[in-house]
Amino acid sequence: MKEALLYDALAKKAVKCRLCSRYCRIAEGKRGFCLVRENRGGKLVSLSYGKCTGLEIDPIEKKPFFHLKPGSKVLSFGTPGCNFRCKGCLNWSLSQAPCISLQAFDLPPTLPKDIARTAVAEGCSGVAYTYSEPTVFFEYARDIILTTRKIAPEKFHAFVSNGYFSRECFELIKREHLLDAIRIDLKFIRDDAYAEYTGGARLKQVQESIKRVYQSGIHLEVINLVIPGLNDSEDDVRALSSWVAGVGKDIPLHFIRFFPMHDAQGIKATPLNMLSNARKIAEEEGIEFAYAGNTLVDGVEDTACPDCGLVLVKRRGMAVLESVFAEASADEKKDPCCPQCGRTLNFVL
Ligand code: SF4
């Protein structure tokens, strides 16, 4: 447990948390919406600090990041708690654990230095803060980043986020240069659907985060989980793609296959042709790097140069099969370009 960052003291020992766009006002003795931040006598504390869960070594493509050090290994973990209550959450037993049982908090603490040392010992290229929403364990993530930097400054740090971090939180991320990459889940392009599916989150806040991250120069990728009957219409896919292209045509956009989960068991898995269609629509709307994920369909995970069409990275099932960047020199890594036509490419190598 640790005192929280980014909160204000209010009258009668209440507090206002400014970490995410819910901006919870929390009375003494109560918790915020995420259920892992508690007001103790007028002091806001993080209950999930040190509660590392699901520590795994993953391919970076599993997050998914396709344009961040392709083919590299990343140390991944989450903690209990989330600021969303998504009906079809893949990791609901972790992210929504505090809603079900507080037993999740009985985990022995894992110190920031333990994560840093594991990343080094396992030869990972970086650390991914994932599975649940990293914003709600921000103090822990920040300490891990600052600790890792001391012993292995070359490691990257990436948030796999729902994009609901507050403006103030993102200002702190920028000011301290905490993150190299953020992957944001843009779930819907309709505000009513966003609120209904997530437990009250608003589209506009997520859109603001996407714009802020893109403009900051921190590497950004966006995913959209395509859920049959909820966000799979051509109008929705076109509007979402067009909006992302309006922010930046070079933002990698991943359409991810949905499988029935948690409180969305009644919805069938996304048909494969729907994902291929979404990818095609995104390209028509100007997206330069559109992908379909959670499938084993040939070609839908490959990266081609938007100008000359050369296949740059061949992937299948989240594994890199071939990459023109595999033997890139230090100079080529600084300014990734297509080896055939010379076009600049949005990659971090
Ligand atoms: S992180 Fe978000 S949901 Fe949690 S207490 Fe703070 S404002 Fe509320």
# chains A, B, ... in the order shown; residues from 1 in each chain; ligands from 1
>>> select_by_dssp(residues="stretch 70-270 of chain A", states="strand (DSSP E or B)", output="PyMOL selection string")
chain A and resi 73-78+126-129+156-161+165+181-185+219-226+253-257
>>> residues_around(residues="A:Tyr49", least_positions_apart="5", cutoff="10 Å", atoms="only C-alpha atoms", output="short mmCIF file (atom, residue, chain, number, x, y, z; two decimals) with C-alpha atoms, in the first residue's frame")
data_model
loop_
_atom_site.label_atom_id
_atom_site.label_comp_id
_atom_site.auth_asym_id
_atom_site.auth_seq_id
_atom_site.Cartn_x
_atom_site.Cartn_y
_atom_site.Cartn_z
CA MET A 1 0.00 0.00 0.00
CA LYS A 2 1.27 3.47 -0.82
CA GLU A 3 -0.03 7.03 -0.69
CA ALA A 4 -1.58 7.93 -4.03
CA VAL A 36 -8.27 -0.23 -5.32
CA ARG A 37 -7.88 3.35 -4.10
CA THR A 79 -2.66 -5.95 -10.69
CA PRO A 80 -6.24 -6.37 -9.48
CA PHE A 105 -5.38 -8.42 -2.21
CA PRO A 109 4.03 -7.96 -2.51
CA THR A 110 6.42 -7.85 -5.47
CA LEU A 111 8.79 -4.91 -5.17
CA PRO A 112 9.66 -2.67 -8.14
CA VAL A 136 -5.17 2.46 -11.53
CA PHE A 137 -1.79 1.08 -10.38
CA PHE A 138 0.08 4.11 -11.64
CA GLU A 139 2.20 4.64 -8.48
CA TYR A 140 3.48 1.06 -8.72
CA ALA A 141 4.12 1.32 -12.47
CA ASP A 143 8.23 3.18 -9.28
#
>>> residues_around(residues="stretch 302-318 of chain A", least_positions_apart="3", cutoff="6 Å", atoms="only C-alpha atoms", output="JSON, numbers by chain")
{"A": [61, 62, 288, 296, 299, 321, 322, 323, 324]}
>>> closest_atom_pairs(of="chain A", to="ligand 1", cutoff="9 Å", atoms="only C-alpha atoms and all ligand atoms", output="Markdown table")
| residue | atom | partner | partner_atom_place_in_ligand_line | distance |
| --- | --- | --- | --- | --- |
| A:Leu6 | CA | ligand 1 | 6 (Fe) | 8.7 |
| A:Tyr7 | CA | ligand 1 | 6 (Fe) | 8.1 |
| A:Lys16 | CA | ligand 1 | 7 (S) | 7.5 |
| A:Cys17 | CA | ligand 1 | 6 (Fe) | 4.4 |
| A:Arg18 | CA | ligand 1 | 7 (S) | 5.5 |
| A:Leu19 | CA | ligand 1 | 1 (S) | 4.9 |
| A:Cys20 | CA | ligand 1 | 2 (Fe) | 4.1 |
| A:Ser21 | CA | ligand 1 | 7 (S) | 6.1 |
| A:Arg22 | CA | ligand 1 | 7 (S) | 4.5 |
| A:Tyr23 | CA | ligand 1 | 7 (S) | 3.9 |
| A:Cys24 | CA | ligand 1 | 8 (Fe) | 4.2 |
| A:Arg25 | CA | ligand 1 | 8 (Fe) | 7.5 |
| A:Ile26 | CA | ligand 1 | 5 (S) | 7.5 |
| A:Arg31 | CA | ligand 1 | 5 (S) | 6.6 |
| A:Gly32 | CA | ligand 1 | 5 (S) | 3.6 |
| A:Phe33 | CA | ligand 1 | 3 (S) | 4.2 |
| A:Cys34 | CA | ligand 1 | 4 (Fe) | 4.2 |
| A:Leu35 | CA | ligand 1 | 4 (Fe) | 6.7 |
| A:Val36 | CA | ligand 1 | 4 (Fe) | 6.7 |
| A:Arg37 | CA | ligand 1 | 5 (S) | 5.2 |
| A:Glu38 | CA | ligand 1 | 5 (S) | 7.5 |
| A:Leu44 | CA | ligand 1 | 5 (S) | 8.7 |
| A:Ser46 | CA | ligand 1 | 5 (S) | 8.9 |
| A:Gly81 | CA | ligand 1 | 4 (Fe) | 8.5 |
| A:Cys82 | CA | ligand 1 | 3 (S) | 7.2 |
| A:Asn83 | CA | ligand 1 | 3 (S) | 4.5 |
| A:Phe84 | CA | ligand 1 | 3 (S) | 7.9 |
| A:Thr135 | CA | ligand 1 | 1 (S) | 6.5 |
| A:Val136 | CA | ligand 1 | 1 (S) | 4.7 |
| A:Phe137 | CA | ligand 1 | 1 (S) | 8.0 |
| A:Phe138 | CA | ligand 1 | 1 (S) | 8.6 |
| A:Tyr164 | CA | ligand 1 | 2 (Fe) | 8.1 |
| A:Phe165 | CA | ligand 1 | 2 (Fe) | 7.7 |
| A:Ser166 | CA | ligand 1 | 7 (S) | 8.3 |
>>> select_by_dssp(residues="stretch 48-259 of chain A", states="alpha helix (DSSP H)", output="short mmCIF file (atom, residue, chain, number, x, y, z; two decimals) with N, CA and C atoms, in the first residue's frame")
data_model
loop_
_atom_site.label_atom_id
_atom_site.label_comp_id
_atom_site.auth_asym_id
_atom_site.auth_seq_id
_atom_site.Cartn_x
_atom_site.Cartn_y
_atom_site.Cartn_z
N TRP A 92 -11.36 -10.49 -16.76
CA TRP A 92 -12.28 -10.01 -15.73
C TRP A 92 -11.94 -10.55 -14.34
N SER A 93 -11.37 -11.79 -14.29
CA SER A 93 -11.09 -12.36 -12.97
C SER A 93 -9.99 -11.57 -12.26
N LEU A 94 -9.21 -10.83 -13.01
CA LEU A 94 -8.19 -9.96 -12.42
C LEU A 94 -8.71 -8.52 -12.31
N SER A 95 -9.15 -7.99 -13.45
CA SER A 95 -9.51 -6.58 -13.48
C SER A 95 -10.73 -6.28 -12.61
N ALA A 97 -11.72 -8.38 -10.14
CA ALA A 97 -11.61 -9.22 -8.94
C ALA A 97 -12.10 -8.50 -7.68
N PRO A 98 -11.74 -7.21 -7.50
CA PRO A 98 -12.19 -6.57 -6.26
C PRO A 98 -13.71 -6.48 -6.15
N CYS A 99 -14.41 -6.58 -7.30
CA CYS A 99 -15.88 -6.54 -7.24
C CYS A 99 -16.41 -7.86 -6.68
N ILE A 100 -15.63 -8.91 -6.86
CA ILE A 100 -16.11 -10.25 -6.50
C ILE A 100 -15.57 -10.66 -5.13
N PRO A 112 9.21 -3.15 -6.83
CA PRO A 112 9.66 -2.67 -8.14
C PRO A 112 11.01 -3.23 -8.56
N LYS A 113 11.93 -3.36 -7.60
CA LYS A 113 13.26 -3.86 -7.98
C LYS A 113 13.20 -5.32 -8.42
N ASP A 114 12.22 -6.09 -7.91
CA ASP A 114 12.07 -7.50 -8.34
C ASP A 114 11.66 -7.56 -9.81
N ILE A 115 10.76 -6.67 -10.20
CA ILE A 115 10.31 -6.65 -11.61
C ILE A 115 11.46 -6.20 -12.51
N ALA A 116 12.17 -5.17 -12.06
CA ALA A 116 13.30 -4.66 -12.86
C ALA A 116 14.33 -5.75 -13.06
N ARG A 117 14.67 -6.46 -11.99
CA ARG A 117 15.70 -7.51 -12.08
C ARG A 117 15.22 -8.66 -12.96
N THR A 118 13.94 -8.99 -12.88
CA THR A 118 13.41 -10.08 -13.71
C THR A 118 13.49 -9.70 -15.19
N ALA A 119 13.15 -8.45 -15.50
CA ALA A 119 13.21 -8.00 -16.91
C ALA A 119 14.63 -8.15 -17.45
N VAL A 120 15.62 -7.81 -16.61
CA VAL A 120 17.02 -7.92 -17.04
C VAL A 120 17.42 -9.39 -17.14
N ALA A 121 17.12 -10.16 -16.11
CA ALA A 121 17.55 -11.58 -16.07
C ALA A 121 16.95 -12.37 -17.23
N PHE A 138 -0.92 3.20 -11.09
CA PHE A 138 0.08 4.11 -11.64
C PHE A 138 1.29 4.29 -10.71
N GLU A 139 1.07 4.41 -9.41
CA GLU A 139 2.20 4.64 -8.48
C GLU A 139 3.19 3.48 -8.55
N TYR A 140 2.65 2.27 -8.64
CA TYR A 140 3.48 1.06 -8.72
C TYR A 140 4.23 1.04 -10.06
N ALA A 141 3.50 1.30 -11.14
CA ALA A 141 4.12 1.32 -12.47
C ALA A 141 5.24 2.37 -12.51
N ARG A 142 4.97 3.54 -11.97
CA ARG A 142 5.97 4.62 -12.00
C ARG A 142 7.22 4.21 -11.23
N ASP A 143 7.06 3.60 -10.06
CA ASP A 143 8.23 3.18 -9.28
C ASP A 143 9.01 2.09 -10.01
N ILE A 144 8.30 1.21 -10.70
CA ILE A 144 9.00 0.15 -11.47
C ILE A 144 9.82 0.79 -12.60
N ILE A 145 9.22 1.76 -13.28
CA ILE A 145 9.92 2.42 -14.38
C ILE A 145 11.17 3.14 -13.86
N LEU A 146 11.01 3.90 -12.76
CA LEU A 146 12.15 4.66 -12.23
C LEU A 146 13.24 3.73 -11.71
N THR A 147 12.84 2.59 -11.14
CA THR A 147 13.82 1.62 -10.64
C THR A 147 14.54 0.92 -11.79
N THR A 148 13.77 0.51 -12.80
CA THR A 148 14.37 -0.18 -13.95
C THR A 148 15.35 0.73 -14.66
N ARG A 149 14.99 2.00 -14.74
CA ARG A 149 15.86 2.96 -15.42
C ARG A 149 17.26 3.02 -14.82
N LYS A 150 17.32 2.83 -13.51
CA LYS A 150 18.64 2.92 -12.84
C LYS A 150 19.53 1.76 -13.25
N ILE A 151 18.94 0.56 -13.44
CA ILE A 151 19.81 -0.60 -13.74
C ILE A 151 19.80 -0.98 -15.22
N ARG A 167 -5.98 13.91 -17.96
CA ARG A 167 -5.02 14.84 -18.57
C ARG A 167 -3.84 15.04 -17.62
N GLU A 168 -4.12 15.17 -16.31
CA GLU A 168 -3.05 15.40 -15.33
C GLU A 168 -2.09 14.20 -15.27
N CYS A 169 -2.67 13.00 -15.33
CA CYS A 169 -1.83 11.80 -15.30
C CYS A 169 -0.92 11.78 -16.53
N PHE A 170 -1.48 12.11 -17.68
CA PHE A 170 -0.67 12.07 -18.90
C PHE A 170 0.40 13.17 -18.88
N GLU A 171 0.07 14.32 -18.30
CA GLU A 171 1.09 15.38 -18.16
C GLU A 171 2.28 14.88 -17.34
N LEU A 172 1.98 14.13 -16.28
CA LEU A 172 3.05 13.58 -15.43
C LEU A 172 3.88 12.54 -16.22
N ILE A 173 3.19 11.72 -16.98
CA ILE A 173 3.89 10.72 -17.82
C ILE A 173 4.86 11.43 -18.77
N LYS A 174 4.39 12.51 -19.36
CA LYS A 174 5.24 13.26 -20.32
C LYS A 174 6.38 13.96 -19.59
N ARG A 175 6.04 14.62 -18.48
CA ARG A 175 7.05 15.41 -17.76
C ARG A 175 8.21 14.53 -17.30
N ASP A 191 -21.00 7.13 -28.19
CA ASP A 191 -20.86 7.39 -26.76
C ASP A 191 -21.82 6.53 -25.92
N ASP A 192 -23.05 6.36 -26.41
CA ASP A 192 -24.02 5.59 -25.62
C ASP A 192 -23.55 4.14 -25.46
N ALA A 193 -22.99 3.59 -26.54
CA ALA A 193 -22.51 2.21 -26.48
C ALA A 193 -21.32 2.11 -25.53
N TYR A 194 -20.45 3.11 -25.55
CA TYR A 194 -19.29 3.13 -24.64
C TYR A 194 -19.75 3.04 -23.19
N ALA A 195 -20.69 3.94 -22.86
CA ALA A 195 -21.15 4.01 -21.47
C ALA A 195 -21.83 2.71 -21.05
N GLU A 196 -22.64 2.17 -21.94
CA GLU A 196 -23.40 0.96 -21.63
C GLU A 196 -22.47 -0.24 -21.40
N TYR A 197 -21.46 -0.39 -22.24
CA TYR A 197 -20.61 -1.58 -22.20
C TYR A 197 -19.56 -1.53 -21.09
N THR A 198 -19.09 -0.30 -20.77
CA THR A 198 -17.93 -0.18 -19.87
C THR A 198 -18.31 0.17 -18.43
N LEU A 203 -16.88 8.19 -24.45
CA LEU A 203 -16.05 8.15 -25.67
C LEU A 203 -15.07 9.33 -25.75
N LYS A 204 -15.60 10.53 -25.44
CA LYS A 204 -14.79 11.75 -25.65
C LYS A 204 -13.47 11.70 -24.87
N GLN A 205 -13.52 11.17 -23.65
CA GLN A 205 -12.30 11.12 -22.83
C GLN A 205 -11.25 10.23 -23.49
N VAL A 206 -11.69 9.10 -24.07
CA VAL A 206 -10.75 8.19 -24.72
C VAL A 206 -10.19 8.85 -25.98
N GLN A 207 -11.06 9.52 -26.71
CA GLN A 207 -10.59 10.21 -27.93
C GLN A 207 -9.55 11.28 -27.58
N GLU A 208 -9.80 12.00 -26.49
CA GLU A 208 -8.84 13.03 -26.07
C GLU A 208 -7.48 12.39 -25.76
N SER A 209 -7.52 11.23 -25.09
CA SER A 209 -6.25 10.54 -24.76
C SER A 209 -5.52 10.14 -26.04
N ILE A 210 -6.24 9.61 -27.01
CA ILE A 210 -5.60 9.18 -28.26
C ILE A 210 -4.93 10.39 -28.93
N LYS A 211 -5.62 11.51 -28.96
CA LYS A 211 -5.03 12.71 -29.59
C LYS A 211 -3.80 13.18 -28.82
N ARG A 212 -3.93 13.20 -27.49
CA ARG A 212 -2.79 13.66 -26.67
C ARG A 212 -1.56 12.77 -26.87
N VAL A 213 -1.77 11.45 -26.86
CA VAL A 213 -0.62 10.55 -26.99
C VAL A 213 0.01 10.73 -28.37
N TYR A 214 -0.82 10.78 -29.41
CA TYR A 214 -0.27 10.91 -30.77
C TYR A 214 0.54 12.21 -30.90
N GLN A 215 -0.01 13.30 -30.37
CA GLN A 215 0.67 14.60 -30.49
C GLN A 215 1.94 14.66 -29.64
N SER A 216 2.01 13.83 -28.62
CA SER A 216 3.18 13.86 -27.72
C SER A 216 4.41 13.21 -28.32
N GLU A 234 -20.96 -1.66 -40.77
CA GLU A 234 -20.05 -0.94 -41.65
C GLU A 234 -19.96 0.54 -41.24
N ASP A 235 -21.10 1.11 -40.84
CA ASP A 235 -21.10 2.52 -40.44
C ASP A 235 -20.16 2.76 -39.25
N ASP A 236 -20.24 1.87 -38.25
CA ASP A 236 -19.40 2.04 -37.06
C ASP A 236 -17.92 1.88 -37.40
N VAL A 237 -17.61 0.83 -38.17
CA VAL A 237 -16.20 0.57 -38.50
C VAL A 237 -15.64 1.73 -39.33
N ARG A 238 -16.46 2.21 -40.27
CA ARG A 238 -16.02 3.32 -41.13
C ARG A 238 -15.82 4.59 -40.31
N ALA A 239 -16.78 4.87 -39.43
CA ALA A 239 -16.68 6.10 -38.62
C ALA A 239 -15.47 6.02 -37.68
N LEU A 240 -15.25 4.87 -37.07
CA LEU A 240 -14.11 4.71 -36.15
C LEU A 240 -12.78 4.87 -36.91
N SER A 241 -12.70 4.20 -38.07
CA SER A 241 -11.46 4.26 -38.86
C SER A 241 -11.20 5.68 -39.34
N SER A 242 -12.26 6.32 -39.80
CA SER A 242 -12.12 7.68 -40.31
C SER A 242 -11.67 8.63 -39.20
N TRP A 243 -12.21 8.42 -37.98
CA TRP A 243 -11.80 9.27 -36.87
C TRP A 243 -10.30 9.05 -36.54
N VAL A 244 -9.88 7.79 -36.48
CA VAL A 244 -8.46 7.51 -36.18
C VAL A 244 -7.57 8.09 -37.28
N ALA A 245 -7.97 7.91 -38.54
CA ALA A 245 -7.17 8.46 -39.66
C ALA A 245 -7.08 9.98 -39.56
N GLY A 246 -8.13 10.61 -39.04
CA GLY A 246 -8.13 12.07 -38.88
C GLY A 246 -7.10 12.52 -37.84
N VAL A 247 -6.82 11.66 -36.87
CA VAL A 247 -5.78 11.98 -35.88
C VAL A 247 -4.40 11.71 -36.49
#
>>> closest_atom_pairs(of="stretch 123-218 of chain A", to="stretch 224-230 of chain A", cutoff="7 Å", atoms="only C-alpha atoms", output="JSON lines")
{"residue": "A:Asp185", "atom": "CA", "partner": "A:Asn224", "partner_atom": "CA", "distance": 5.9}
{"residue": "A:Leu186", "atom": "CA", "partner": "A:Asn224", "partner_atom": "CA", "distance": 5.4}
{"residue": "A:Lys187", "atom": "CA", "partner": "A:Asn224", "partner_atom": "CA", "distance": 5.4}
>>> write_last_selection(atoms="C-alpha atoms", output="short mmCIF file (atom, residue, chain, number, x, y, z; two decimals), in the first residue's frame")
data_model
loop_
_atom_site.label_atom_id
_atom_site.label_comp_id
_atom_site.auth_asym_id
_atom_site.auth_seq_id
_atom_site.Cartn_x
_atom_site.Cartn_y
_atom_site.Cartn_z
CA ASP A 185 -8.45 0.34 -26.78
CA LEU A 186 -11.01 2.46 -28.67
CA LYS A 187 -14.03 0.27 -27.96
#
>>> residues_around(residues="A:Gly78", least_positions_apart="2", cutoff="8 Å", atoms="only C-alpha atoms", output="JSON, numbers by chain")
{"A": [52, 53, 54, 55, 76, 80, 129, 130, 131, 132, 133, 134]}
>>> closest_atom_pairs(of="stretch 200-231 of chain A", to="stretch 345-348 of chain A", cutoff="12 Å", atoms="only C-alpha atoms", output="JSON lines")
{"residue": "A:Tyr214", "atom": "CA", "partner": "A:Asn346", "partner_atom": "CA", "distance": 11.5}
{"residue": "A:Gly217", "atom": "CA", "partner": "A:Asn346", "partner_atom": "CA", "distance": 10.7}
{"residue": "A:Ile218", "atom": "CA", "partner": "A:Val348", "partner_atom": "CA", "distance": 10.1}
{"residue": "A:His219", "atom": "CA", "partner": "A:Val348", "partner_atom": "CA", "distance": 7.6}
{"residue": "A:Leu220", "atom": "CA", "partner": "A:Asn346", "partner_atom": "CA", "distance": 9.6}
{"residue": "A:Glu221", "atom": "CA", "partner": "A:Asn346", "partner_atom": "CA", "distance": 10.3}
>>> residues_around(residues="A:Met261", least_positions_apart="5", cutoff="10 Å", atoms="only C-alpha atoms", output="ChimeraX atom specification")
/A:87-92,266-269
>>> write_last_selection(atoms="N, CA and C atoms", output="mmCIF file, in the first residue's frame")
data_model
loop_
_atom_site.group_PDB
_atom_site.id
_atom_site.type_symbol
_atom_site.label_atom_id
_atom_site.label_comp_id
_atom_site.auth_asym_id
_atom_site.auth_seq_id
_atom_site.Cartn_x
_atom_site.Cartn_y
_atom_site.Cartn_z
ATOM 1 N N LYS A 87 -18.289 -5.653 -20.136
ATOM 2 C CA LYS A 87 -19.081 -6.894 -20.049
ATOM 3 C C LYS A 87 -18.314 -8.096 -20.589
ATOM 4 N N GLY A 88 -17.521 -7.889 -21.628
ATOM 5 C CA GLY A 88 -16.824 -9.011 -22.249
ATOM 6 C C GLY A 88 -15.339 -9.034 -21.908
ATOM 7 N N CYS A 89 -14.963 -8.534 -20.730
ATOM 8 C CA CYS A 89 -13.536 -8.421 -20.389
ATOM 9 C C CYS A 89 -12.855 -9.788 -20.393
ATOM 10 N N LEU A 90 -11.767 -9.871 -21.117
ATOM 11 C CA LEU A 90 -10.980 -11.106 -21.213
ATOM 12 C C LEU A 90 -10.319 -11.436 -19.868
ATOM 13 N N ASN A 91 -9.927 -10.411 -19.141
ATOM 14 C CA ASN A 91 -9.194 -10.593 -17.880
ATOM 15 C C ASN A 91 -10.057 -10.229 -16.672
ATOM 16 N N TRP A 92 -11.356 -10.488 -16.764
ATOM 17 C CA TRP A 92 -12.284 -10.011 -15.728
ATOM 18 C C TRP A 92 -11.942 -10.550 -14.344
ATOM 19 N N GLY A 266 -23.480 -14.520 -24.280
ATOM 20 C CA GLY A 266 -24.530 -14.743 -25.288
ATOM 21 C C GLY A 266 -24.146 -14.261 -26.679
ATOM 22 N N ILE A 267 -22.993 -13.627 -26.807
ATOM 23 C CA ILE A 267 -22.573 -13.099 -28.114
ATOM 24 C C ILE A 267 -21.584 -14.069 -28.738
ATOM 25 N N LYS A 268 -21.763 -14.358 -30.024
ATOM 26 C CA LYS A 268 -20.869 -15.331 -30.675
ATOM 27 C C LYS A 268 -19.524 -14.678 -31.036
ATOM 28 N N ALA A 269 -18.535 -15.525 -31.290
ATOM 29 C CA ALA A 269 -17.222 -15.014 -31.719
ATOM 30 C C ALA A 269 -17.366 -14.245 -33.034
#
>>> decode(residues="stretch 269-285 of chain A", atoms="N, CA and C atoms", output="mmCIF file, in the first residue's frame")
data_model
loop_
_atom_site.group_PDB
_atom_site.id
_atom_site.type_symbol
_atom_site.label_atom_id
_atom_site.label_comp_id
_atom_site.auth_asym_id
_atom_site.auth_seq_id
_atom_site.Cartn_x
_atom_site.Cartn_y
_atom_site.Cartn_z
ATOM 1 N N ALA A 269 -18.535 -15.525 -31.290
ATOM 2 C CA ALA A 269 -17.222 -15.014 -31.719
ATOM 3 C C ALA A 269 -17.366 -14.245 -33.034
ATOM 4 N N THR A 270 -16.498 -13.268 -33.226
ATOM 5 C CA THR A 270 -16.547 -12.456 -34.449
ATOM 6 C C THR A 270 -16.240 -13.323 -35.675
ATOM 7 N N PRO A 271 -17.128 -13.342 -36.680
ATOM 8 C CA PRO A 271 -16.805 -14.091 -37.907
ATOM 9 C C PRO A 271 -15.549 -13.528 -38.571
ATOM 10 N N LEU A 272 -14.742 -14.416 -39.126
ATOM 11 C CA LEU A 272 -13.457 -13.984 -39.691
ATOM 12 C C LEU A 272 -13.625 -12.993 -40.836
ATOM 13 N N ASN A 273 -14.707 -13.188 -41.649
ATOM 14 C CA ASN A 273 -14.873 -12.266 -42.784
ATOM 15 C C ASN A 273 -15.174 -10.843 -42.315
ATOM 16 N N MET A 274 -15.786 -10.746 -41.119
ATOM 17 C CA MET A 274 -16.089 -9.416 -40.562
ATOM 18 C C MET A 274 -14.782 -8.669 -40.255
ATOM 19 N N LEU A 275 -13.789 -9.396 -39.749
ATOM 20 C CA LEU A 275 -12.502 -8.776 -39.429
ATOM 21 C C LEU A 275 -11.753 -8.361 -40.692
ATOM 22 N N SER A 276 -11.808 -9.237 -41.700
ATOM 23 C CA SER A 276 -11.152 -8.884 -42.966
ATOM 24 C C SER A 276 -11.816 -7.662 -43.577
ATOM 25 N N ASN A 277 -13.169 -7.601 -43.465
ATOM 26 C CA ASN A 277 -13.894 -6.431 -43.990
ATOM 27 C C ASN A 277 -13.504 -5.165 -43.246
ATOM 28 N N ALA A 278 -13.398 -5.279 -41.919
ATOM 29 C CA ALA A 278 -13.053 -4.100 -41.115
ATOM 30 C C ALA A 278 -11.691 -3.564 -41.548
ATOM 31 N N ARG A 279 -10.785 -4.470 -41.792
ATOM 32 C CA ARG A 279 -9.428 -4.072 -42.209
ATOM 33 C C ARG A 279 -9.485 -3.342 -43.552
ATOM 34 N N LYS A 280 -10.300 -3.883 -44.457
ATOM 35 C CA LYS A 280 -10.423 -3.273 -45.788
ATOM 36 C C LYS A 280 -11.060 -1.871 -45.696
ATOM 37 N N ILE A 281 -12.099 -1.776 -44.855
ATOM 38 C CA ILE A 281 -12.772 -0.474 -44.680
ATOM 39 C C ILE A 281 -11.787 0.550 -44.111
ATOM 40 N N ALA A 282 -10.992 0.125 -43.143
ATOM 41 C CA ALA A 282 -10.019 1.044 -42.531
ATOM 42 C C ALA A 282 -9.052 1.566 -43.588
ATOM 43 N N GLU A 283 -8.607 0.678 -44.472
ATOM 44 C CA GLU A 283 -7.686 1.108 -45.536
ATOM 45 C C GLU A 283 -8.384 2.099 -46.468
ATOM 46 N N GLU A 284 -9.654 1.847 -46.768
ATOM 47 C CA GLU A 284 -10.410 2.789 -47.612
ATOM 48 C C GLU A 284 -10.517 4.163 -46.944
ATOM 49 N N GLU A 285 -10.534 4.160 -45.608
ATOM 50 C CA GLU A 285 -10.653 5.438 -44.876
ATOM 51 C C GLU A 285 -9.303 6.109 -44.655
#
